[in-house]
Amino acid sequence: MNKEWSPAARVQGLGTSVFTEMTELARRTGAVNLGQGVPELGAPPGLLKDVSAAVLAGSNQYPPASGFPVLREAVAAHQARRYGLEYDPQDEVLVTTGATEALAAALLALCDPGDEVLAFDPCYDAYPAGARFAGARVVGVPLAEDGDAFVLDADALRSAVTPRTRVLMLNTPHNPTGKVFTARELAEIAAVCGEHGLTVVTDEVYEHLVYDGGQHATIAALEGMRERTLTISSAGKTFNVTGWKVGWVCGPAELVRAVGAAKQFLTYASGAPYQEALARMLDGVEEWAAELRSTLQRNRDLLSRGLASAGLRPYRAEAGYFLQADIRAWGYADGVRFCRELPSRAGVVAIPTAAFNLRPDAPPYLVRFSFCKREESVISAVEKLVNAA
């Protein structure tokens with residue numbers, strides 16, 4: 001067998017992830033798991049009731065490949081209501097098996113072997129994996145540190161563009177840092193994309209989970225960007241139903257068709273009993289999201305204060321499920337080692353930010369903690385960290 005095309009060569013670098021390792025470590029040691037972003041919080045009762053009714057009514061076969069019309073219409077209405085963006089639910093909205101499939105299908109649709117994809121570093125680990133499946137390569141654009149915040153380095157972005165660059169992956173609110181890109185930063189990114197003819201794939205799964213009165217803005221709403229942007233979101237983070245894997249893509253018809261062409265050979269379609277129930281829930285998302293934000297913001301503050309009390313310097317988390325901490329005060333320079341030893345030292349599991357880094361010179365001393373947990377779990381983790389300090 002040609003070594004270059006062997007199964008091992010094709011998936012090189014895609015072995016067992018640190019998430020699997022840390023989850024198993026939590027199971028084996030009984031540590032409080034603040035690693036993966038798996039919510040311990042409940043879903044809306046009405047949503048669960050509607051899904052149960054759909055299952056019992058027989059909605060258990062393939063839905064249309066593009067998703068049930070009622071969900072596509074609800075997604076289009078949501079984008080118009082929140083962002084003033086008009087999408088035709090027939091041709092410009094596609095339902096996917098979670099945001100991860102949407103990301104993979106977008107990269108498969110937009111990239112050829114040898115192309116380059118820009119992503120802000122650190123980045124969600126599905127981006128480089130999806131690019132690799134398409135034969136492309138992700139190029140990391142470092143986020144700069146400004147005190148306890150992460151900010152856009154516009155010069156680094158411009159210098160990262162080459163003749164091979166085809167796509168810019170944007171993630172706001174951002175995983176793993178909890179950053180929300182500002183209006184000024186989005187305008188700078190849009191200018192670079194317009195100047196170089198780049199397509200934007202924007203991952204906005206945390207769009208409803210922005211704290212401290214902040215607001216999420218989508219780059220697709222900026223002048224000239226709708227026609228070059230694929231916007232991806234999902235139900236999982238917003239409604240605490242990550243296991244349902246229902247996501248969607250919005251964008252110009254030509255780009256959405258290309259994503260659909262790739263998607264049909266990944267899952268074809270899924271989630272039939274969830275789709276109609278989610279359509280109804282999405283129409284009333286604001287009241288539910290406000291309550292969830294309040295809970296998560298309280299958890300974030302508990303965790304941030306606890307980390308500071310334990311001597312682990314927390315960074316600002318403006319949105320999402322996670323916050324970063326500098327672990328050097330505990331005598332560690334390597335976040336991977338810290339996370340492997342943390343369960344036995346403190347009874348807590350976290351994820352090294354190195355798992356999200358694209359560049360070898362990225363800071364190795366950052367660790368990601370999750371706060372999408374029950375309040376008692378966060379309090380327990382904080383007590384353990386303070387006692388171990």
# chains A, B, ... in the order shown; residues from 1 in each chain; ligands from 1

$ residues_around --residues "A:Ala253" --least-positions-apart "5" --cutoff "10 Å" --atoms "only C-alpha atoms" --output "PyMOL selection string"
chain A and resi 87-94+227+258-259

$ residues_around --residues "stretch 140-150 of chain A" --least-positions-apart "2" --cutoff "9 Å" --atoms "only C-alpha atoms" --output "list in words"
Val117, Leu118, Ala119, Phe120, Asp121, Pro122, Cys123, Val138, Leu152, Asp153, Ala156, Leu157, Ser159, Ala160, Thr177, Gly178, Lys179, Arg313, Pro314, Tyr315, Arg316, Ala317, Asn357, Leu358, Arg359 and Ala362 of chain A

$ closest_residue --among "A:Thr165, A:Thr29, A:Ser380, A:Ser309" --to "A:Asp115" --atoms "only C-alpha atoms"
A:Thr165

$ atom_distance --atom1 "atom CA of A:Ala102" --atom2 "atom CA of A:Ile232"
6.9 Å

$ residues_around --residues "A:Ser377" --least-positions-apart "3" --cutoff "12 Å" --atoms "only C-alpha atoms" --output "PDB file with N, CA, C and O atoms, in the first residue's frame"
ATOM      1  N   ALA A  31     -12.785  13.035  39.938  1.00  0.00           N
ATOM      2  CA  ALA A  31     -12.557  14.475  40.037  1.00  0.00           C
ATOM      3  C   ALA A  31     -13.742  15.253  39.462  1.00  0.00           C
ATOM      4  O   ALA A  31     -14.496  14.752  38.620  1.00  0.00           O
ATOM      5  N   VAL A  32     -13.896  16.492  39.916  1.00  0.00           N
ATOM      6  CA  VAL A  32     -14.902  17.384  39.345  1.00  0.00           C
ATOM      7  C   VAL A  32     -14.447  17.759  37.935  1.00  0.00           C
ATOM      8  O   VAL A  32     -13.343  18.273  37.752  1.00  0.00           O
ATOM      9  N   ASN A  33     -15.297  17.501  36.958  1.00  0.00           N
ATOM     10  CA  ASN A  33     -14.888  17.669  35.563  1.00  0.00           C
ATOM     11  C   ASN A  33     -15.262  19.054  35.055  1.00  0.00           C
ATOM     12  O   ASN A  33     -16.405  19.309  34.678  1.00  0.00           O
ATOM     13  N   LEU A  34     -14.286  19.956  35.047  1.00  0.00           N
ATOM     14  CA  LEU A  34     -14.445  21.270  34.425  1.00  0.00           C
ATOM     15  C   LEU A  34     -13.679  21.308  33.108  1.00  0.00           C
ATOM     16  O   LEU A  34     -13.191  22.355  32.682  1.00  0.00           O
ATOM     17  N   PRO A  39     -22.865  20.545  29.361  1.00  0.00           N
ATOM     18  CA  PRO A  39     -23.659  21.202  30.405  1.00  0.00           C
ATOM     19  C   PRO A  39     -24.248  20.205  31.397  1.00  0.00           C
ATOM     20  O   PRO A  39     -24.650  19.100  31.027  1.00  0.00           O
ATOM     21  N   GLU A  40     -24.301  20.623  32.644  1.00  0.00           N
ATOM     22  CA  GLU A  40     -25.043  19.895  33.668  1.00  0.00           C
ATOM     23  C   GLU A  40     -26.391  20.556  33.935  1.00  0.00           C
ATOM     24  O   GLU A  40     -27.109  20.166  34.853  1.00  0.00           O
ATOM     25  N   LEU A  41     -26.720  21.558  33.139  1.00  0.00           N
ATOM     26  CA  LEU A  41     -27.938  22.345  33.337  1.00  0.00           C
ATOM     27  C   LEU A  41     -29.074  21.781  32.502  1.00  0.00           C
ATOM     28  O   LEU A  41     -28.851  21.185  31.445  1.00  0.00           O
ATOM     29  N   ASN A 299     -22.090  31.435  37.589  1.00  0.00           N
ATOM     30  CA  ASN A 299     -21.076  30.382  37.664  1.00  0.00           C
ATOM     31  C   ASN A 299     -19.704  30.899  37.266  1.00  0.00           C
ATOM     32  O   ASN A 299     -18.684  30.567  37.886  1.00  0.00           O
ATOM     33  N   LEU A 302     -18.254  32.887  40.115  1.00  0.00           N
ATOM     34  CA  LEU A 302     -17.806  31.991  41.179  1.00  0.00           C
ATOM     35  C   LEU A 302     -16.463  31.363  40.840  1.00  0.00           C
ATOM     36  O   LEU A 302     -15.541  31.322  41.665  1.00  0.00           O
ATOM     37  N   LEU A 303     -16.355  30.875  39.612  1.00  0.00           N
ATOM     38  CA  LEU A 303     -15.126  30.212  39.190  1.00  0.00           C
ATOM     39  C   LEU A 303     -13.973  31.192  39.089  1.00  0.00           C
ATOM     40  O   LEU A 303     -12.848  30.903  39.537  1.00  0.00           O
ATOM     41  N   GLY A 347      -8.270  17.198  42.694  1.00  0.00           N
ATOM     42  CA  GLY A 347      -9.573  16.604  42.451  1.00  0.00           C
ATOM     43  C   GLY A 347     -10.405  17.355  41.435  1.00  0.00           C
ATOM     44  O   GLY A 347     -11.643  17.356  41.498  1.00  0.00           O
ATOM     45  N   VAL A 348      -9.750  18.002  40.479  1.00  0.00           N
ATOM     46  CA  VAL A 348     -10.424  18.789  39.444  1.00  0.00           C
ATOM     47  C   VAL A 348      -9.793  18.453  38.100  1.00  0.00           C
ATOM     48  O   VAL A 348      -8.586  18.223  38.012  1.00  0.00           O
ATOM     49  N   VAL A 349     -10.611  18.440  37.057  1.00  0.00           N
ATOM     50  CA  VAL A 349     -10.118  18.227  35.696  1.00  0.00           C
ATOM     51  C   VAL A 349     -10.331  19.503  34.880  1.00  0.00           C
ATOM     52  O   VAL A 349     -11.386  20.137  34.952  1.00  0.00           O
ATOM     53  N   SER A 370     -14.204  25.004  32.470  1.00  0.00           N
ATOM     54  CA  SER A 370     -15.593  25.126  32.045  1.00  0.00           C
ATOM     55  C   SER A 370     -16.473  25.489  33.228  1.00  0.00           C
ATOM     56  O   SER A 370     -16.281  24.986  34.333  1.00  0.00           O
ATOM     57  N   PHE A 371     -17.493  26.348  32.991  1.00  0.00           N
ATOM     58  CA  PHE A 371     -18.424  26.692  34.059  1.00  0.00           C
ATOM     59  C   PHE A 371     -19.890  26.429  33.689  1.00  0.00           C
ATOM     60  O   PHE A 371     -20.806  26.957  34.322  1.00  0.00           O
ATOM     61  N   CYS A 372     -20.127  25.576  32.679  1.00  0.00           N
ATOM     62  CA  CYS A 372     -21.500  25.247  32.281  1.00  0.00           C
ATOM     63  C   CYS A 372     -22.025  24.078  33.123  1.00  0.00           C
ATOM     64  O   CYS A 372     -22.579  23.105  32.604  1.00  0.00           O
ATOM     65  N   LYS A 373     -21.832  24.186  34.412  1.00  0.00           N
ATOM     66  CA  LYS A 373     -22.107  23.099  35.346  1.00  0.00           C
ATOM     67  C   LYS A 373     -23.128  23.548  36.388  1.00  0.00           C
ATOM     68  O   LYS A 373     -23.474  24.721  36.488  1.00  0.00           O
ATOM     69  N   ARG A 374     -23.605  22.602  37.188  1.00  0.00           N
ATOM     70  CA  ARG A 374     -24.424  22.965  38.335  1.00  0.00           C
ATOM     71  C   ARG A 374     -23.592  23.824  39.283  1.00  0.00           C
ATOM     72  O   ARG A 374     -22.379  23.645  39.410  1.00  0.00           O
ATOM     73  N   SER A 380     -17.763  23.164  44.484  1.00  0.00           N
ATOM     74  CA  SER A 380     -16.902  22.069  44.906  1.00  0.00           C
ATOM     75  C   SER A 380     -15.529  22.169  44.281  1.00  0.00           C
ATOM     76  O   SER A 380     -14.494  21.977  44.952  1.00  0.00           O
ATOM     77  N   ALA A 381     -15.484  22.469  42.974  1.00  0.00           N
ATOM     78  CA  ALA A 381     -14.191  22.592  42.288  1.00  0.00           C
ATOM     79  C   ALA A 381     -13.368  23.734  42.879  1.00  0.00           C
ATOM     80  O   ALA A 381     -12.152  23.604  43.093  1.00  0.00           O
ATOM     81  N   VAL A 382     -14.021  24.853  43.142  1.00  0.00           N
ATOM     82  CA  VAL A 382     -13.318  26.003  43.709  1.00  0.00           C
ATOM     83  C   VAL A 382     -12.737  25.658  45.072  1.00  0.00           C
ATOM     84  O   VAL A 382     -11.563  25.982  45.373  1.00  0.00           O
ATOM     85  N   GLU A 383     -13.517  25.001  45.918  1.00  0.00           N
ATOM     86  CA  GLU A 383     -13.016  24.613  47.242  1.00  0.00           C
ATOM     87  C   GLU A 383     -11.806  23.701  47.131  1.00  0.00           C
ATOM     88  O   GLU A 383     -10.821  23.854  47.871  1.00  0.00           O
ATOM     89  N   LYS A 384     -11.866  22.767  46.197  1.00  0.00           N
ATOM     90  CA  LYS A 384     -10.749  21.845  46.023  1.00  0.00           C
ATOM     91  C   LYS A 384      -9.496  22.578  45.531  1.00  0.00           C
ATOM     92  O   LYS A 384      -8.372  22.302  45.983  1.00  0.00           O
TER      93      LYS A 384
END

$ closest_atom_pairs --of "stretch 100-183 of chain A" --to "stretch 263-266 of chain A" --cutoff "10 Å" --atoms "only C-alpha atoms" --output "JSON lines"
{"residue": "A:Glu101", "atom": "CA", "partner": "A:Lys263", "partner_atom": "CA", "distance": 7.4}
{"residue": "A:Ala102", "atom": "CA", "partner": "A:Lys263", "partner_atom": "CA", "distance": 7.5}
{"residue": "A:Leu103", "atom": "CA", "partner": "A:Lys263", "partner_atom": "CA", "distance": 9.9}
{"residue": "A:Ala104", "atom": "CA", "partner": "A:Lys263", "partner_atom": "CA", "distance": 8.4}
{"residue": "A:Ala105", "atom": "CA", "partner": "A:Lys263", "partner_atom": "CA", "distance": 5.3}
{"residue": "A:Ala106", "atom": "CA", "partner": "A:Lys263", "partner_atom": "CA", "distance": 8.4}
{"residue": "A:Leu108", "atom": "CA", "partner": "A:Lys263", "partner_atom": "CA", "distance": 8.9}
{"residue": "A:Ala109", "atom": "CA", "partner": "A:Lys263", "partner_atom": "CA", "distance": 8.9}

$ closest_residue --among "A:Pro44, A:Pro343, A:Pro352, A:Pro63" --to "A:Ser17" --atoms "only C-alpha atoms"
A:Pro352

$ select_by_dssp --residues "stretch 188-257 of chain A" --states "alpha helix (DSSP H)" --output "MDAnalysis selection string"
chainID A and resid 188:196 236:239 253:257

$ write_last_selection --atoms "C-alpha atoms" --output "compact mmCIF listing (two decimals), in the first residue's frame"
# COMPACT_ATOMS: atom_id res chain seq x y z
CA GLU A 188 -11.00 45.20 10.43
CA ILE A 189 -11.52 41.50 9.68
CA ALA A 190 -14.14 42.35 7.06
CA ALA A 191 -11.76 44.79 5.38
CA VAL A 192 -9.07 42.12 5.06
CA CYS A 193 -11.54 39.60 3.68
CA GLY A 194 -12.90 42.08 1.14
CA GLU A 195 -9.42 43.14 0.05
CA HIS A 196 -8.28 39.55 -0.55
CA GLY A 236 -26.96 22.58 21.60
CA LYS A 237 -25.39 25.41 23.59
CA THR A 238 -28.44 27.66 23.65
CA PHE A 239 -30.87 25.04 25.00
CA ALA A 253 -27.70 30.39 -1.98
CA GLU A 254 -24.59 29.49 -3.99
CA LEU A 255 -22.49 28.90 -0.87
CA VAL A 256 -25.26 27.07 0.99
CA ARG A 257 -25.79 24.74 -1.99

$ select_by_dssp --residues "stretch 325-373 of chain A" --states "strand (DSSP E)" --output "ChimeraX atom specification"
/A:325-326,348-349,351-352,366-370

$ residues_around --residues "A:Ala77" --least-positions-apart "6" --cutoff "10 Å" --atoms "only C-alpha atoms" --output "ChimeraX atom specification"
/A:71,83-89,282-283

$ closest_residue --among "A:Pro176, A:Pro64, A:Pro128, A:Pro69" --to "A:Glu318" --atoms "only C-alpha atoms"
A:Pro176
